[in-house]
Every structure is written in C-alpha cells, then in structure tokens.
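Q: Dropping a structure here in structure tokens format, bear with me for questions.
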Amino acid sequence: MNGLLDFLGRIPKVLLFAAVAIIQVALIAMMVVDRARVLRDGTEVTLATRPVDPRDFLRGDYVVLNYEISSLPAGTLKDTPSSGKGTVVYVKAEPKGNVYAAVSVHKEPVAVTGNEVLIRGRASGGATCGPDNMSFCEDLRLRFGIESYFVPQGEGREIENARNQGKVTVVAAVTRAGRAVIKRLLIDGEPVYQEPLY
Amino acid sequence: MASDLVYRQRLEADLLRWQEDGVISGATAEAIRAQIKPSPEGVTIATVVAMVGGLLIAAAFLAFIAANWTAIPRPARFGMLLAGIIAAYTTGAFFHRAGRLHLADLCVSVGAIVFGAAIALVGQMYHLADDFAAGLLLWAVAALLAAVLTGSRGAFAIALVAGCLWSGARVQELSVVHWPFIGFWAIAAFVAWGWNSVVARHLVSIAAVTWWILCAADYVGTAGRNPAFTLGAGAAVLFGGGIALAGRGTQGLRALGRTLANYGAIVMAVAVAGAIAVGFGDWHEASRTWSLVCAGAGFGLAFLGCKEKHWAGPLLAAVSIAFALVVVAGTARPPEGDEPWLRHALALISMLCLVISGIVDDERPRVVAGWLGLAATIGAITWAVKGSLLRRAAFLATAGIVTVGLAALLGRMSRKGPSL
C-alpha cells in the first residue's frame, strides 16, 4: 500500500482528481446504459400483479408491485440445499393467455425453448428451512428487482387502487441471463407509463 | 494537529527557560527551532466558513434537483447529477493547485456525497431499486477510490460510513455475519497505515467497532442469546491484534496498532460491564466457532506484543483479555440460585489488569477504558436487582481489602527493584 501511495504521489494531482471524476461519472452512466441495454434487447414479458398488504401501500413516491410469479411452490427444490435468505433462483415462465406464468423454479439457469423465458430472482423467503436453515421450504417468496415503480408525487394512489382490483399488468424486458427491468406499466391493458431508453 | 501545537508551545517555553538558566546558548536554541518543521497549514476561520458554504451549496444543489424532480426532463436530471460530480472534483483540483488543501478535501468529500446521492436518484429515475445494499457498496468503493487517489480524509470517512451502512443492510437483509466487510475494512486499514494519519486511524477503528456491534446486535432480542460474547470476541481481536501491531513495524503501523488496541480496550470494558449487568446467556450456535477463534486469536496476539524489554504491558493486557472472555462467555456459572462471585471477581481483575497495562504502556485511553470498566462493573455488581445486598457488600469489601493488599505489595516491590 505504501508503494501504491508513493506511486500515486508522483502523479500530478490534477490528473488524479480528473480520474476520480471520470470513474464516478462512468459508474453512474453504466447503471443507466446497462438498463437501456436490457430494455432494448430483452424479451418482452407481460406479468400479472397481485394485491399487496394495504399497510405496505405507498412508501414515498413509488408503487410496490407484487407479481403472480412472486409466490411459487418450490417444487423439486423443496428440501434441497439453499444459500439461505437471498438465494438466487431462476423461474422458467411461458405465456398463458395474456400474461406469462411460472412453469418451474431452478437453482441454476436451464435451457428454454419457444416462447419460454428465464427470469432471475432472489428468495426473500422460503430458503431457510431444515435443521440448519439452509434448505428450500415448500413455498418460495421471490424478488426480481422490479418490485418498485417510482411515479410522480400524488400519482401512486390511483395505480395502487387499480393494482388491488387486479387491473395492473407490467411488461418487463428480460435478458437471456434472466435480468428483468420494467418497460411498461398497463392498467386494463392500456399503457400508463412507457419507459424510454434514457 | 492539537498535540503538535501543544508540543511546539511546550518546546518554546522550555527553550526560553533553558536559555535563562544557562543550560543552552541562544545559538543552540535557534538551532533546535530550525530543526522543527514549519507548522502545517491550519484551518483558519475563513476556511471553516468556506467549508460551511460549500456544504450548503451541495445541499442546495441536491434539494433543487429533488424539488424540481418531475418538472425537469429525465436526461436533464441525469446530466445535472453528472455535472455535480464533475464540478466538485474540478473545484477540488483547483483548490489543491492553489495550496488550499482543506478546501480541496472538502470538495472531494462533496463529490463523494453527490456520487452517493446520484446512485439513489438514478435508481429512482430508472426504477433500479433492486439491491439497496449493492448501491451502498458501490458508493463505499467509489468514495474509497476517491480518498486513495486524492488523499481526502473526508472521502475516506464517507467511504467507511457507506461501508458500515452496506454491512448493516446486508446483516438486516440476510441475518448472517457479513464477512465481505472484512475485505473492505482491510483495504481501508492499509490506507490508514500508508497515510499514517490520526484521523484515518480513528475512522478505521470506529468502523471495526461498528462491524462487531452489528455482529453482536444480530443476537439482541433473541431470547437467551449472549451478544456480550460476540462483542467481547471482537474486542479481544482488536485489543490483542492492536497490541501485536503496536510492537513492530513502521511508526505508522505501530500507531495504527495502538489506536486499534485502545478502541478494543474500550469495547472490552463495555462488554464486561454489560455482561455483569445483564447476566448469562447461551452462545449462538452460528457464532460459536468463529467467536471462539477470534477470542483465542486476540489472547494470542496480545502475547505476540511481548518483547524482551517491553513485556509487562502486553502480558497484563493478555491476562485482562483472558479474564474478560471468561466473564462474557458465561462459563464461570454458579449453581442455580447462587450469585456468580467468581465471575464478578474475574471481571474486576480483568479491568484492574487493563488499567495497569495502560499505565505500564503509557496508553491513557486504555487506562481510562479500564477505570470506566471498573466503575461500571462495580456499579453493576452493587445495583444488580437479584441476590442479597449484604453478601454483595461483603464481596466488595473483600475485593477492596485484597486490592489494597496488592497495592501495598506492589509499592514495596517498586521500592526494592526496577519498575514494570
């Protein structure tokens, strides 16, 4: 570390300040560019939402979204070893009617065919069973990173009311690796919010 | 900075007195003054006012973006955040070039804060609320990078705060001991060592204590668990490891070791007093092995601090650690219904050893930690709700008589032979 600090001491400070600014700006820009890439290249998957406990309604200015595929039976994963809370799982989904529905849950990515997609999620519940709390339970609660949708102040209540009446669906863009981002939010099948790339 | 000023004032007073007494000549006094390096740039009132102004401008910038959130087009908002980061570091580079190092440090700190705010605001703008803790990690790493590249102590503090928040978020989310923080902390500790900076040493020590408190806090509220042992194990590693470092290596490494040891001693005193006040608990199965390893390592590392001519302080510290660990582990458990006199006695001996080891090593914070631990332990023993007050009075009287006898013996030994 002393060698590194000595080395840095020989570089003009202006360059080091510039390097910090460039790196931090690049990191922030990467967050946005990466999301845009998912939006542009990902497969469109329509997901049905579920009502949420009224006490969790509007936190700040974002709507809490809970999906049909957020609560699933563990299936073949039951009683197999997990990594505890937060274990990464992959949900294989296929179109059923107007929305995608879960087919199976896996610990590793599996091959998909036809219209099937693989959505990567984390077990927020149902991965801490067994004597050492390190096995999958019978039912899983999953998060896919698309559970929050930020809206302009005061517009959240309307969406939540519609959501609790089962009228809200979300079109997510999903990459081959299973990453999902929200692309459109629909009420009664009509787009209410459309996410631009940038 | 304050200790440097005190040293200069004291030296100047001594030089004048020695000259008056004829001990040194005027030329010698001047030669000594010439040997002292010029005072580093101090923080002037104008600098402090400028710092407050800078912070207010940064806060105003973020508040403006937040207030006009929906009115400003998204790309413009995004651009403003990036511009804020660039402006902060550009201004910092300008001040550094002008030799205004404190203001340059402030600008880097503001840049690190704006970067953290940018992560949160970009997450909100683009609905990237997937992993809150990962965002905190990104903030911590970027702020640490800014600190290393620019030498900013403010960015270093922000990095450690963000790192602790990251660790806290992961503990809260997963309810497990958060090992990855150790890697982040180790890098920060290396930086503090390389800088040989007082502020950086204190910051990494506080971060280490925070992590151990997070580890212990995971068990608070879990009926029958014993957070004091986890905290005690952490204190043992910091205290023992610090003493081992304080005895070897460069001046920077020794100073880092002393600071870590002092924080470890304070936490150990708190854990011992807390264990006496709260009572026994069972070890958490998940933490049993690594807590034991840490406790053993702390005890062993304190022994490593013993050297040929400097063994008494580290040895007493090791004894203090050993007894403290027995107290917080709850192993000296009496039969049901009896009061834990042995445990009380070990707690008192541990704190007394802590005070003496601090005196021998001339470490005032360790002495203060020991005295506070003694006071808190005696208070906890005296005011414990359960048991007979009369028996407790007898125990404390016996302990007092034994301690006075020990003092008399030590006094006689110190008159006959060399001091410890």
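FYI, nothing fancy with the structure tokens labels: chains A, B, ... in order, residues from 1 per chain, ligands from 1 as they appear.
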Name the residues in contact with range 132-135 of chain B at a cut-off of 8 Å, using only C-alpha atoms, excluding same-chain residues fewer than 6 positions from it; report them as a ChimeraX atom specification.
A: /B:119-120,165-167,169-170
Q: Up to 9 Å from chain A, what residues of chain B turn up? Count only C-alpha atoms and give them as a PyMOL selection string.
A: chain B and resi 69-70+74-75+78+81-83+85-90+92-94+96-97+108+111-112+115+118-119+122-131+138+142-143+145-146+148-150+173-175+187+190-191+193-195
Q: Could you check how far CA of Gly313 in chain B sits from CA of Val360 in chain B, in Å to one decimal?
A: 5.4 Å
Q: Nearest to Ile69 in chain A among A:Val112, A:Leu142, A:Cys137, A:Val117, with distances taken over only C-alpha atoms: which residue is it?
A: A:Leu142
Q: Per DSSP on the backbone, filter range 10-237 of chain B down to the residues in helix (DSSP H, G or I) and report them as number ranges by chain.
A: B: 10-21, 26-35, 45-67, 74-97, 101-125, 132-150, 153-174, 180-195, 198-217, 227-237
Q: Please identify all polymer residues within 10 Å of range 235-238 of chain B, counting only C-alpha atoms, omitting same-chain residues fewer than 2 positions from it, and present them as an MDAnalysis selection string.
A: chainID B and resid 205 208:209 212:213 229:233 240:244 257:271 291 293:302 317:318 320:322 324:325
Q: Nearest to Phe61 in chain B: which of B:Met351, B:Ala29, B:Ile113, B:Val278 is it, counting only C-alpha atoms?
A: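 Residue with the minimum atom-to-atom distance to Phe61 in chain B: B:Ile113.
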Q: Considering only C-alpha atoms, return as a list in words whatever protein or nucleic-acid residues lie within 8 Å of Ala275 in chain B, sequence-local ones (same chain, fewer than 6 positions apart) excluded.
A: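 Near Ala275 in chain B, the qualifying residues are Ala228, Val327 and Val328 of chain B.
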Q: Pick out the closest residue to Leu245 in chain B from this set: B:Cys306, B:Leu346, B:Val177, B:Leu389. Count only C-alpha atoms.
A: B:Cys306
Q: With a distance cut-off of 6 Å and only C-alpha atoms, select the neighbouring residues of range 41-48 of chain A, excluding the residue or stretch itself and same-chain residues fewer than 5 positions from it, and output the selection as a list of chain:residue names.
A: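 Final neighbour list, sorted by chain and number: A:Tyr67, A:Glu68, A:Val99, A:Tyr100, A:Thr169, A:Val170, A:Val171, A:Ala172, A:Ala173, A:Val174, A:Thr175.
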Q: Name the residues in contact with Leu77 in chain A at a cut-off of 12 Å, using only C-alpha atoms, excluding same-chain residues fewer than 5 positions from it; report them as a PyMOL selection string.
A: chain A and resi 72+82+87+89-91+104-108+123+126-127+129+135-140
Q: Can you list every residue in chain A that DSSP puts in strand (DSSP E), as a ChimeraX atom specification?
A: /A:43-50,58-59,62-64,66-67,71-73,88-96,99-106,117-125,139-143,148-150,168-174,180-187,190-194
Q: Please report the interatomic distance between CA of Gln35 in chain B and CA of Gln251 in chain B in Å with one decimal.
A: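 Interatomic distance, CA of Gln35 in chain B to CA of Gln251 in chain B: 19.8 Å.
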Q: Just give me the gap between CA of Arg176 in chain A and CA of Lys92 in chain A in Å, one decimal is fine.
A: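 CA of Lys92 in chain A lies at a distance of 11.5 Å from CA of Arg176 in chain A.
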